[in-house]
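Report on the following structure.
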Amino acid sequence: MSTLETTGTALAGTSLFTPITVGLNQLANRVVLAPLTRMRSSEGGVPNDLMAEYYSQRATPGALLIAEATLVSPNGHAYAGAPGILNEEQLEGWKKVVNAVHDKGAIIFLQLFHGGRQSHQDLQPDGGVPIGPSAIPHNNLVCTEDGWVPATQNREATIEEIHSIVDDFHAAANRAKQAGFDGIELHGANGYLIDQFLQDGSNQRTDEYGGSIENRVRLLTQVVSRMVDVYGADSVGVRLGPSGRWGEMSDSNPLELFTYAVEQLDKFGLAYLHLIEPRVFGNVDRDDLVEPVAAVQLRKVFHGPIIAAGGFNGQGAADIIGRGDADLVAFGRYYVANPDLVRRLREGLPLNPYDRSSFFGGTEVGCTDYPFYSNNAELV
Ligand SMILES: Cc1cc2nc3c(=O)[nH]c(=O)nc-3n(C[C@H](O)[C@H](O)[C@H](O)COP(=O)(O)O)c2cc1C
């Protein structure tokens, strides 16, 4: 993604608070809660009351929330404390979250993911070797029960294992539906399994899942197709990170790859495409390239709503929407720190600063204890 140009089609005066239809949902505003792993699920990856309270705090009438990356396969673990949607207990835990959010009149999608090679033997069933598209060593750290440790060596997934993972996404979609989620999002970014298959720095397979761009996009579209079978295309979104390098991702021609991938996704008529702009490395701001370009570029080939994410504040979000280069903006770190972010953006109120040390794991501290606005709130 290197060309910066404006292809905006927004009507004059479109703002963060202009209502919009996304799939079957009428949204009151375009401020989206980004999927945010908080690693606070209970033993066995079961969603709990703390999580219900956290999401409920951020729910406002007609707002879209995307719940954190949630495991679909036992061998998909990428960090300790992540919730799953693999079994009845987890499903029941998610119902509490969904009900709490619906009680506030908000809409909630669940992000489904498989970590692939971003894992560690300690996170695998029976201490197994994590799978990826190809057995390529990488230097990422993984959060296990012992803290952040180097990922262990991975191995190439067999065709049977790939097919089984596609089935896992289908089963997870069914459980998400039973739990009451309004929709589901596929995590195709941030160096996890789907992204690992897309980019040729991590995918060096020689079968139908590797080599050509068409082959590398195959897993993405197979999974989306099975998710759509359960929910219908208008309740399925996909998140991609066309410029993402987190997880030691690299591709020899990202523009061609992601343009083709998005052309394929466009054929489904999805609820939305969610793009991480090249303004963040993981969740740390980049200062080498600050213009949002992913949404601009891929707008040409995707005809549904686009959510842009990555390094936005209220002004940046208003700008990209005003230009028509994205339809909605997902906020991550500021939504962690500001449960009433929608109100603060609408009224131009100052934002609470976020505390990075409590992002991942822990208690209610840094989760549900950020203050709602009052006149003495600290200015960022
Ligand atoms: C604590 C934390 C957890 C995150 N977890 C996820 C996740 O589960 N799924 C995902 O796609 N992105 C995840 N991200 C990335 C965010 O969704 C978002 O793209 C990133 O923070 C940049 O947006 P921001 O500048 O508004 O924070 C996470 C980021 C943070 C800070």
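By order in the structure tokens, chains are A, B, ...; within a chain, residues start at 1; ligands start at 1, following the order shown.
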Set out as a tab-separated table a contact list for range 142-173 of chain A and range 233-248 of chain A with a cut-off of 12 Å, giving each residue of range 142-173 of chain A that qualifies its closest atom pair and distance in Å to one decimal, counting only C-alpha atoms, ordered by chain and rising residue number.
residue	atom	partner	partner_atom	distance
A:Val142	CA	A:Gly247	CA	10.1
A:Pro150	CA	A:Gly247	CA	11.7
A:Ala151	CA	A:Gly247	CA	10.4
A:Ala173	CA	A:Val236	CA	9.8
(request) May I have the residues within 9 Å of ligand 1, computed using only C-alpha atoms and all ligand atoms, as an NGL selection string? (result) :A and (33-39 or 66-70 or 82 or 111-113 or 186-190 or 239-241 or 275-277 or 279-285 or 308-313 or 329-336 or 356 or 358-360)
Show me, as JSON lines, the residues of range 8-106 of chain A having an atom within 12 Å of range 155-163 of chain A, each with the closest atom pair and its distance in Å, using only C-alpha atoms.
{"residue": "A:Ser73", "atom": "CA", "partner": "A:Glu161", "partner_atom": "CA", "distance": 10.7}
{"residue": "A:Pro74", "atom": "CA", "partner": "A:Glu161", "partner_atom": "CA", "distance": 11.9}
{"residue": "A:Asn75", "atom": "CA", "partner": "A:Glu161", "partner_atom": "CA", "distance": 10.2}
{"residue": "A:Gly76", "atom": "CA", "partner": "A:Glu161", "partner_atom": "CA", "distance": 11.6}
(message) I'd like the neighbourhood of Arg30 in chain A as a list of chain:residue names, where a residue qualifies if any of its atoms comes within 9 Å (using only C-alpha atoms), though same-chain residues fewer than 4 positions away should be ignored.
(response) A:Ser15, A:Leu16, A:Phe17, A:Thr18, A:Pro19, A:Ile20, A:Ala63, A:Leu64, A:Ile307, A:Ile321, A:Asp327, A:Leu328, A:Val329, A:Ala330
Take the residues that were just selected and, keeping C-alpha atoms, output them as a PDB file, in the first residue's frame.
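Result saved to selection-v7.pdb:
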ATOM      1  CA  SER A  15     -19.528  12.663  10.325  1.00  0.00           C
ATOM      2  CA  LEU A  16     -18.738  10.077  12.978  1.00  0.00           C
ATOM      3  CA  PHE A  17     -22.293  10.564  14.149  1.00  0.00           C
ATOM      4  CA  THR A  18     -24.131  10.112  10.871  1.00  0.00           C
ATOM      5  CA  PRO A  19     -26.156   6.885  11.193  1.00  0.00           C
ATOM      6  CA  ILE A  20     -25.170   4.028   8.884  1.00  0.00           C
ATOM      7  CA  ALA A  63     -23.111   1.304  18.628  1.00  0.00           C
ATOM      8  CA  LEU A  64     -21.089  -1.558  17.123  1.00  0.00           C
ATOM      9  CA  ILE A 307     -14.032   0.156   8.907  1.00  0.00           C
ATOM     10  CA  ILE A 321     -14.938   9.657   7.243  1.00  0.00           C
ATOM     11  CA  ASP A 327     -17.303   4.537   6.552  1.00  0.00           C
ATOM     12  CA  LEU A 328     -16.582   3.735  10.195  1.00  0.00           C
ATOM     13  CA  VAL A 329     -13.553   3.930  12.489  1.00  0.00           C
ATOM     14  CA  ALA A 330     -12.583   1.338  15.087  1.00  0.00           C
TER      15      ALA A 330
END
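Note that DSSP on the backbone gives strand (DSSP E or B) to these residues of range 213-300 of chain A: A:Val236, A:Gly237, A:Val238, A:Arg239, A:Leu240, A:Tyr272, A:Leu273, A:His274, A:Leu275, A:Ile276, A:Val280, A:Phe281, A:Val284, A:Asp285.
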Keeping only N, CA and C atoms, write those residues as a compact mmCIF listing (two decimals), in the first residue's frame.
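Result file is part-v3.txt:
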# COMPACT_ATOMS: atom_id res chain seq x y z
N VAL A 236 -21.37 -11.07 8.45
CA VAL A 236 -19.97 -11.50 8.55
C VAL A 236 -19.06 -10.37 8.08
N GLY A 237 -18.05 -10.06 8.88
CA GLY A 237 -17.03 -9.08 8.50
C GLY A 237 -15.67 -9.75 8.47
N VAL A 238 -14.71 -9.11 7.82
CA VAL A 238 -13.35 -9.64 7.76
C VAL A 238 -12.37 -8.53 8.10
N ARG A 239 -11.40 -8.85 8.95
CA ARG A 239 -10.35 -7.89 9.29
C ARG A 239 -9.05 -8.27 8.61
N LEU A 240 -8.46 -7.32 7.89
CA LEU A 240 -7.17 -7.55 7.23
C LEU A 240 -6.20 -6.44 7.65
N TYR A 272 -19.04 -5.96 6.25
CA TYR A 272 -18.01 -4.92 6.19
C TYR A 272 -16.63 -5.53 5.97
N LEU A 273 -15.71 -4.66 5.57
CA LEU A 273 -14.29 -5.00 5.53
C LEU A 273 -13.60 -4.10 6.56
N HIS A 274 -12.80 -4.69 7.40
CA HIS A 274 -12.16 -3.96 8.50
C HIS A 274 -10.66 -3.93 8.22
N LEU A 275 -10.13 -2.75 8.00
CA LEU A 275 -8.73 -2.62 7.58
C LEU A 275 -7.90 -1.91 8.64
N ILE A 276 -6.77 -2.51 8.97
CA ILE A 276 -5.83 -1.84 9.87
C ILE A 276 -4.90 -1.00 9.00
N VAL A 280 0.11 1.81 12.75
CA VAL A 280 0.49 1.16 14.00
C VAL A 280 1.30 -0.10 13.69
N PHE A 281 2.22 -0.42 14.59
CA PHE A 281 2.93 -1.70 14.54
C PHE A 281 2.39 -2.46 15.73
N VAL A 284 1.44 -0.23 18.77
CA VAL A 284 2.32 0.90 19.07
C VAL A 284 2.31 1.82 17.85
N ASP A 285 2.17 3.12 18.08
CA ASP A 285 2.11 4.06 16.95
C ASP A 285 3.40 4.04 16.16
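When only C-alpha atoms are used to compute distances to Gly132 in chain A, the closest of the residues A:Ala171, A:Ala78, A:Leu193, A:Val342 turns out to be A:Leu193.
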(message) With DSSP run on the backbone, what are the helix (DSSP H, G or I) residues within range 214-380 of chain A? I'd like them as a PyMOL selection string.
(response) chain A and resi 214-216+218-231+233-235+254-266+294-298+314-323+333-337+341-347+356-358
(request) Using only C-alpha atoms, pick whichever of A:Gly324, A:Gln196, A:Pro371, A:Thr363 has the shortest atom-to-atom distance to Leu351 in chain A. (result)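 Checking each of A:Gly324, A:Gln196, A:Pro371, A:Thr363 against Leu351 in chain A, counting only C-alpha atoms, the winner is A:Pro371.
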